[in-house]
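Engineer: Got upload22.csv for you, CSV, C-alpha atoms:
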```
chain,number,residue,atom,x,y,z
A,281,MET,CA,99.9,103.1,62.1
A,282,HIS,CA,97.8,105.5,64.0
A,283,PRO,CA,95.5,107.5,61.7
A,284,VAL,CA,96.3,111.1,62.7
A,285,GLU,CA,98.2,113.2,65.2
A,286,MET,CA,95.1,113.6,67.3
A,287,PHE,CA,95.2,109.9,68.2
A,288,ARG,CA,98.9,109.5,68.8
A,289,GLY,CA,99.2,107.1,71.6
A,290,LEU,CA,95.8,105.3,71.1
A,291,PRO,CA,96.7,101.6,71.1
A,292,GLU,CA,96.4,99.7,67.8
A,293,SER,CA,93.7,97.4,69.3
A,294,TRP,CA,91.5,100.4,69.9
A,295,CYS,CA,92.2,101.9,66.5
A,296,ARG,CA,91.0,98.7,64.9
A,297,PHE,CA,88.1,98.4,67.2
A,298,LEU,CA,86.9,101.9,66.6
A,299,GLY,CA,87.7,102.0,62.9
A,300,THR,CA,90.5,104.1,61.3
A,301,ASP,CA,88.1,105.8,58.9
A,302,ARG,CA,85.9,106.9,61.8
A,303,LEU,CA,88.9,108.3,63.7
A,304,VAL,CA,90.2,110.2,60.7
A,305,ALA,CA,86.8,111.8,60.2
A,306,ILE,CA,86.7,112.8,63.9
A,307,ALA,CA,90.2,114.3,63.7
A,308,ASP,CA,89.4,116.2,60.5
A,309,ALA,CA,86.5,117.9,62.2
A,310,ALA,CA,88.2,118.5,65.5
A,311,ASP,CA,89.8,121.7,66.8
A,312,PRO,CA,93.6,121.4,66.7
A,313,ARG,CA,93.8,122.7,70.2
A,314,LEU,CA,92.9,119.2,71.4
A,315,TRP,CA,96.4,117.8,70.7
A,316,GLU,CA,98.5,120.8,71.8
A,317,ASP,CA,101.4,119.8,74.0
A,318,THR,CA,100.4,122.3,76.6
A,319,ALA,CA,97.1,120.7,77.4
A,320,TYR,CA,96.6,118.3,80.3
A,321,PRO,CA,97.2,115.4,80.6
A,322,ALA,CA,100.6,115.0,78.9
A,323,VAL,CA,100.4,113.7,75.3
A,324,SER,CA,101.9,110.4,76.5
A,325,GLU,CA,99.0,109.9,78.9
A,326,ARG,CA,96.0,111.0,77.0
A,327,PHE,CA,95.0,107.5,76.1
A,328,HIS,CA,96.2,105.9,79.3
A,329,ALA,CA,92.7,104.5,80.0
A,330,PHE,CA,92.8,102.7,76.7
A,331,GLU,CA,96.3,101.4,77.3
A,332,CYS,CA,95.1,99.8,80.6
A,333,VAL,CA,92.0,98.0,79.2
A,334,ALA,CA,91.7,96.3,75.9
A,335,PRO,CA,88.4,96.6,74.0
A,336,GLU,CA,87.4,93.0,74.6
A,337,ALA,CA,88.2,93.2,78.3
A,338,VAL,CA,85.9,96.1,79.2
A,339,GLN,CA,83.5,95.1,82.0
A,340,VAL,CA,82.6,98.5,83.5
A,341,VAL,CA,82.9,102.0,82.1
A,342,ILE,CA,83.1,104.9,84.6
A,343,VAL,CA,82.6,108.2,82.7
A,344,GLY,CA,83.6,111.6,84.1
A,345,GLN,CA,83.6,115.1,82.7
A,346,ASP,CA,87.1,116.3,81.8
A,347,PRO,CA,90.6,115.9,83.3
A,348,TYR,CA,91.8,117.7,86.4
A,349,HIS,CA,93.2,121.1,85.3
A,350,GLY,CA,95.8,121.5,88.0
A,351,THR,CA,99.5,120.9,87.5
A,352,GLY,CA,100.5,117.2,87.8
A,353,GLN,CA,97.0,116.0,88.5
A,354,ALA,CA,95.6,114.5,85.2
A,355,MET,CA,97.0,111.1,84.4
A,356,GLY,CA,94.6,109.8,81.7
A,357,LEU,CA,92.2,107.9,83.9
A,358,SER,CA,89.0,109.6,84.9
A,359,PHE,CA,89.0,110.8,88.5
A,360,SER,CA,92.4,109.1,89.3
A,361,VAL,CA,95.7,110.8,90.3
A,362,ARG,CA,99.1,109.4,90.8
A,363,SER,CA,99.9,108.0,94.3
A,364,ASP,CA,102.1,111.0,95.1
A,365,VAL,CA,99.5,113.6,94.2
A,366,PRO,CA,97.1,115.1,96.8
A,367,ILE,CA,93.6,113.7,96.5
A,368,PRO,CA,91.3,116.3,94.8
A,369,PRO,CA,87.9,117.0,96.3
A,370,SER,CA,85.8,115.0,93.7
A,371,LEU,CA,88.0,112.0,94.2
A,372,ARG,CA,87.9,112.3,97.9
A,373,ASN,CA,84.1,112.1,97.7
A,374,ILE,CA,84.4,109.0,95.5
A,375,LEU,CA,86.7,107.4,98.0
A,376,ARG,CA,84.4,108.2,100.9
A,377,GLU,CA,81.6,106.5,99.0
A,378,TYR,CA,83.9,103.6,98.3
A,379,THR,CA,84.6,103.1,102.0
A,380,THR,CA,80.9,103.4,103.0
A,381,ASP,CA,79.7,101.2,100.2
A,382,THR,CA,82.4,98.4,100.4
A,383,GLY,CA,83.4,98.6,104.0
A,384,ARG,CA,87.1,99.0,103.1
A,385,PRO,CA,89.3,101.6,104.7
A,386,MET,CA,90.1,104.9,103.1
A,387,PRO,CA,93.0,104.4,100.6
A,388,ALA,CA,96.2,106.2,101.2
A,389,SER,CA,96.3,107.6,97.6
A,390,GLY,CA,94.0,108.5,94.8
A,391,ASP,CA,95.5,106.1,92.2
A,392,LEU,CA,92.6,104.0,90.8
A,393,THR,CA,94.8,102.0,88.4
A,394,ALA,CA,93.9,98.8,90.3
A,395,TRP,CA,90.3,99.0,89.0
A,396,THR,CA,91.5,98.9,85.4
A,397,ARG,CA,92.9,95.5,86.0
A,398,GLN,CA,89.3,94.3,86.7
A,399,GLY,CA,88.3,95.7,83.3
A,400,VAL,CA,87.1,99.1,84.4
A,401,LEU,CA,87.6,101.7,81.7
A,402,LEU,CA,88.0,105.1,83.5
A,403,VAL,CA,87.3,107.6,80.7
A,404,ASN,CA,86.3,111.3,80.6
A,405,ARG,CA,83.8,112.6,78.2
A,406,VAL,CA,86.5,115.1,77.1
A,407,LEU,CA,90.1,113.9,77.2
A,408,THR,CA,92.1,117.1,77.5
A,409,VAL,CA,91.8,120.5,79.2
A,410,LYS,CA,93.6,123.8,79.1
A,411,PRO,CA,95.8,124.3,82.2
A,412,GLY,CA,93.9,126.0,84.9
A,413,GLU,CA,90.6,126.2,83.0
A,414,ALA,CA,88.0,123.5,83.7
A,415,GLY,CA,85.8,122.6,80.8
A,416,SER,CA,88.0,124.6,78.4
A,417,HIS,CA,88.1,121.8,75.7
A,418,ARG,CA,84.3,121.1,75.7
A,419,GLY,CA,82.7,121.1,72.3
A,420,LEU,CA,86.0,120.9,70.4
A,421,GLY,CA,85.8,117.3,69.2
A,422,TRP,CA,86.5,114.8,72.0
A,423,GLU,CA,82.8,114.2,72.4
A,424,ARG,CA,82.6,112.6,69.0
A,425,PHE,CA,85.4,110.2,70.0
A,426,THR,CA,83.9,109.2,73.3
A,427,ASP,CA,80.5,108.8,71.7
A,428,LEU,CA,82.1,106.4,69.3
A,429,CYS,CA,83.9,104.5,72.0
A,430,ILE,CA,80.7,104.0,74.0
A,431,GLN,CA,78.7,103.1,70.9
A,432,ARG,CA,81.2,100.4,69.8
A,433,ILE,CA,81.5,98.9,73.3
A,434,SER,CA,77.7,98.8,73.6
A,435,ASN,CA,77.3,97.2,70.2
A,436,GLN,CA,80.0,94.5,70.7
A,437,ALA,CA,79.7,93.5,74.4
A,438,SER,CA,77.0,91.3,75.8
A,439,HIS,CA,76.7,93.2,79.1
A,440,VAL,CA,78.6,96.1,80.4
A,441,VAL,CA,77.8,98.4,83.4
A,442,PHE,CA,78.1,102.1,82.5
A,443,CYS,CA,78.4,104.6,85.4
A,444,LEU,CA,77.7,108.1,84.2
A,445,TRP,CA,78.7,110.6,86.8
A,446,GLY,CA,77.5,114.2,86.1
A,447,ARG,CA,75.5,115.8,83.3
A,448,ASP,CA,78.4,115.7,80.8
A,449,ALA,CA,78.8,112.0,81.2
A,450,GLN,CA,75.0,111.4,81.1
A,451,MET,CA,74.8,112.9,77.6
A,452,ILE,CA,76.2,109.6,76.2
A,453,ARG,CA,73.3,107.5,77.4
A,454,GLY,CA,71.8,107.5,74.0
A,455,GLN,CA,74.7,105.5,72.7
A,456,ILE,CA,74.1,102.6,75.1
A,457,ALA,CA,71.9,99.6,74.1
A,458,SER,CA,69.1,98.5,76.5
A,459,ARG,CA,70.7,95.2,77.3
A,460,HIS,CA,73.4,97.0,79.3
A,461,THR,CA,73.1,98.5,82.8
A,462,VAL,CA,73.3,102.2,83.2
A,463,ILE,CA,73.9,103.7,86.6
A,464,GLU,CA,73.6,107.5,86.8
A,465,ALA,CA,74.5,109.9,89.6
A,466,PRO,CA,75.4,113.5,90.0
A,467,HIS,CA,79.1,114.4,89.6
A,468,PRO,CA,81.1,113.7,92.8
A,469,SER,CA,82.3,117.4,92.9
A,470,PRO,CA,81.7,119.1,96.3
A,471,LEU,CA,79.2,121.3,94.4
A,472,SER,CA,76.9,118.4,93.4
A,473,ALA,CA,77.9,115.3,95.3
A,474,HIS,CA,75.2,116.0,98.0
A,475,ARG,CA,72.5,115.9,95.4
A,476,GLY,CA,72.7,112.1,95.1
A,477,PHE,CA,76.2,110.9,94.5
A,478,ILE,CA,76.8,110.4,98.3
A,479,GLY,CA,74.9,107.3,99.2
A,480,SER,CA,74.4,106.1,95.7
A,481,GLN,CA,76.4,102.8,96.4
A,482,PRO,CA,77.8,102.5,92.9
A,483,PHE,CA,80.1,99.6,93.7
A,484,THR,CA,77.3,97.5,95.2
A,485,ARG,CA,75.0,98.3,92.3
A,486,ILE,CA,77.6,97.4,89.7
A,487,ASN,CA,78.1,94.0,91.3
A,488,GLN,CA,74.4,93.5,91.7
A,489,ALA,CA,74.0,94.1,88.0
A,490,ARG,CA,76.8,91.7,87.1
A,491,HIS,CA,75.3,89.1,89.3
A,492,ALA,CA,71.9,89.5,87.6
A,493,HIS,CA,73.7,88.8,84.3
A,494,ALA,CA,75.6,85.7,85.6
A,495,GLN,CA,78.9,87.7,85.7
A,496,SER,CA,81.3,87.4,88.6
A,497,PRO,CA,81.6,90.4,91.0
A,498,LEU,CA,84.5,92.8,90.6
A,499,ASP,CA,87.0,93.2,93.5
A,500,TRP,CA,87.2,96.9,94.2
A,501,THR,CA,90.2,96.6,96.4
A,502,LEU,CA,92.6,99.5,96.1
A,503,PRO,CA,96.3,99.2,96.9
A,504,SER,CA,96.2,100.4,100.5
A,505,ASP,CA,93.8,97.5,101.3
A,506,LEU,CA,96.2,94.8,100.3
A,507,SER,CA,97.4,94.1,103.8
A,508,GLY,CA,94.0,92.4,104.6
A,509,ASP,CA,91.8,89.7,103.2
A,510,PHE,CA,88.9,91.4,101.5
A,511,LYS,CA,87.4,88.4,99.6
A,512,GLY,CA,84.5,88.4,102.0
A,513,HIS,CA,83.7,92.1,101.1
A,514,THR,CA,83.6,91.2,97.4
A,515,GLN,CA,80.9,88.6,98.1
A,516,GLN,CA,78.9,91.1,100.2
A,517,LEU,CA,78.5,93.5,97.3
A,518,PHE,CA,75.4,91.9,95.9
```
Take the structure from the file and write it as structure tokens.
Structural biologist:
Amino acid sequence: MHPVEMFRGLPESWCRFLGTDRLVAIADAADPRLWEDTAYPAVSERFHAFECVAPEAVQVVIVGQDPYHGTGQAMGLSFSVRSDVPIPPSLRNILREYTTDTGRPMPASGDLTAWTRQGVLLVNRVLTVKPGEAGSHRGLGWERFTDLCIQRISNQASHVVFCLWGRDAQMIRGQIASRHTVIEAPHPSPLSAHRGFIGSQPFTRINQARHAHAQSPLDWTLPSDLSGDFKGHTQQLF
């Protein structure tokens, strides 16, 4: 059983991995606003990132700030939107960097689910937000949960690449052991992307780090690319 209402929807594998006692302690100290039904994303999607990637399958962690606060945007994966949702500005900058870095064409949608099948955990520092109010659930308790996730992954895995995009994400660096690779960049928001996110080549750098640790490269292909053969692109990323 899931330990408390706050973690309704968190897969059992993650409950065991993180420790029920730790989750109960986090929930006891958290603000009840974090599990209100009116927050984004919907209750059924708040742990979607953890549904997509099992603890033992995590290869890369891409950490964002908090969910999109517009109607229908947040889906439980950091930066991602459903295929029928217009691409938000931050995600458009990510996809532009994706095309420049990997040589692939601009995807038709902003759905990043394909990356999760490669073991990419797309998680925000804060998992919920009040509709229309960016950053409204900061400091209410989610940070303790994401700190625990990063700490446990760091302790258990031999080598994971952590991409920390933005100052909120970079606050978890202290939870990451030195044997892992940490790639930091400004948030891809139009307000900060020009300060170093654009041109940061995260996908190349991730695969270079994996190559240096005798791990196979990830295939960053998004669904709109499936009409072509991109195996060569994968090999060019390191």
Engineer: Which one is closest to Glu316 in chain A: A:Pro482, A:Pro468, A:Pro411, A:Gly356? Count all atoms listed in the file.
Structural biologist: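 When distances to Glu316 in chain A are compared using all atoms listed in the file, the smallest one comes from A:Pro411.
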Engineer: Can you check which parts of range 457-483 of chain A lie within 8 Å of range 378-384 of chain A? Per residue, the shortest pair of atoms and distance in Å to one decimal, counting only C-alpha atoms, sorted by chain and number, as a Markdown table.
Structural biologist:
```
| residue | atom | partner | partner_atom | distance |
| --- | --- | --- | --- | --- |
| A:Gly479 | CA | A:Asp381 | CA | 7.8 |
| A:Gln481 | CA | A:Asp381 | CA | 5.3 |
| A:Pro482 | CA | A:Asp381 | CA | 7.7 |
| A:Phe483 | CA | A:Asp381 | CA | 6.7 |
```
Engineer: Residues of the last selection are to be written out with C-alpha atoms, as a CSV table (one decimal), keeping the file's coordinate frame.
Structural biologist:
```csv
chain,number,residue,atom,x,y,z
A,479,GLY,CA,74.9,107.3,99.2
A,481,GLN,CA,76.4,102.8,96.4
A,482,PRO,CA,77.8,102.5,92.9
A,483,PHE,CA,80.1,99.6,93.7
```
Engineer: Closest to Asn487 in chain A among A:Ile433, A:Cys295, A:Val409, A:Val440, using all atoms listed in the file?
Structural biologist: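 Looking at the shortest contact to Asn487 in chain A, the residue is A:Val440.
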Engineer: Check the smallest atom-to-atom distance from each of A:Pro369, A:Pro347, A:Gly415, A:Pro291 to Leu402 in chain A using all atoms listed in the file, then report the winner.
Structural biologist: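 Closest to Leu402 in chain A, using all atoms listed in the file: A:Pro347.
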Engineer: Can you tell me, as a list in words, what residues are no more than 10 Å from Thr351 in chain A when counting only C-alpha atoms, ignoring any on the same chain fewer than 4 positions away?
Structural biologist: Tyr320, Pro321, Val365, Pro411 and Gly412 of chain A
Engineer: Record the distance separating CA of Glu413 in chain A and CA of Leu314 in chain A, expressed in Å with one decimal.
Structural biologist: 13.7 Å
Engineer: Distance CA of Ala494 in chain A-CA of Thr461 in chain A, one decimal place?
Structural biologist: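 Spanning CA of Ala494 in chain A to CA of Thr461 in chain A is a straight-line distance of 13.3 Å.
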Engineer: Which residues are close to Gly344 in chain A, i.e. within 10 Å by only C-alpha atoms, leaving aside same-chain residues fewer than 5 positions away? Reply as a ChimeraX atom specification.
Structural biologist: /A:357-359,402-407,443-450,467-468
Engineer: What's the separation between CA of Trp294 in chain A and CA of Val400 in chain A, in Å to one decimal place?
Structural biologist: 15.2 Å
Engineer: Rank nothing, just name the residue among A:Leu298, A:Leu303, A:Ile456, A:Cys332 nearest to Val284 in chain A, using only C-alpha atoms.
Structural biologist: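 Closest to Val284 in chain A of all the choices is A:Leu303.
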Engineer: Counting only C-alpha atoms, which of A:Leu401, A:Ala473, A:Ala492, A:Ile478 gets nearest to Glu331 in chain A?
Structural biologist: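 Closest candidate: A:Leu401.
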Engineer: Could you check the closest approach to Ala322 in chain A for each of A:Arg424, A:Lys410, A:Arg296, A:Arg397 and tell me which residue wins, using only C-alpha atoms?
Structural biologist: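 Among A:Arg424, A:Lys410, A:Arg296, A:Arg397, it is A:Lys410 that comes nearest to Ala322 in chain A.
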Engineer: Do a neighbour search on Pro503 in chain A at 10 Å with all atoms listed in the file, toss out local chain neighbours closer than 2 positions, and write the hits as a list in words.
Structural biologist: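 These residues fall inside the cut-off: Ser363, Pro387, Ala388, Ser389, Gly390, Asp391, Leu392, Thr393, Ala394, Trp395, Trp500, Thr501, Asp505, Leu506 and Ser507 of chain A.
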Engineer: Hey, can you spit out that residue selection with C-alpha atoms as a short mmCIF file (atom, residue, chain, number, x, y, z; two decimals), in the coordinates of the input?
Structural biologist:
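Below is the file that was written, out08.cif:
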```cif
data_model
loop_
_atom_site.label_atom_id
_atom_site.label_comp_id
_atom_site.auth_asym_id
_atom_site.auth_seq_id
_atom_site.Cartn_x
_atom_site.Cartn_y
_atom_site.Cartn_z
CA SER A 363 99.90 108.00 94.30
CA PRO A 387 93.00 104.40 100.60
CA ALA A 388 96.20 106.20 101.20
CA SER A 389 96.30 107.60 97.60
CA GLY A 390 94.00 108.50 94.80
CA ASP A 391 95.50 106.10 92.20
CA LEU A 392 92.60 104.00 90.80
CA THR A 393 94.80 102.00 88.40
CA ALA A 394 93.90 98.80 90.30
CA TRP A 395 90.30 99.00 89.00
CA TRP A 500 87.20 96.90 94.20
CA THR A 501 90.20 96.60 96.40
CA ASP A 505 93.80 97.50 101.30
CA LEU A 506 96.20 94.80 100.30
CA SER A 507 97.40 94.10 103.80
#
```
Engineer: Do a neighbour search on Ala310 in chain A at 7 Å with all atoms listed in the file, toss out local chain neighbours closer than 4 positions, and write the hits as a list in words.
Structural biologist: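 The residues satisfying every condition are Ile306, Leu420 and Gly421 of chain A.
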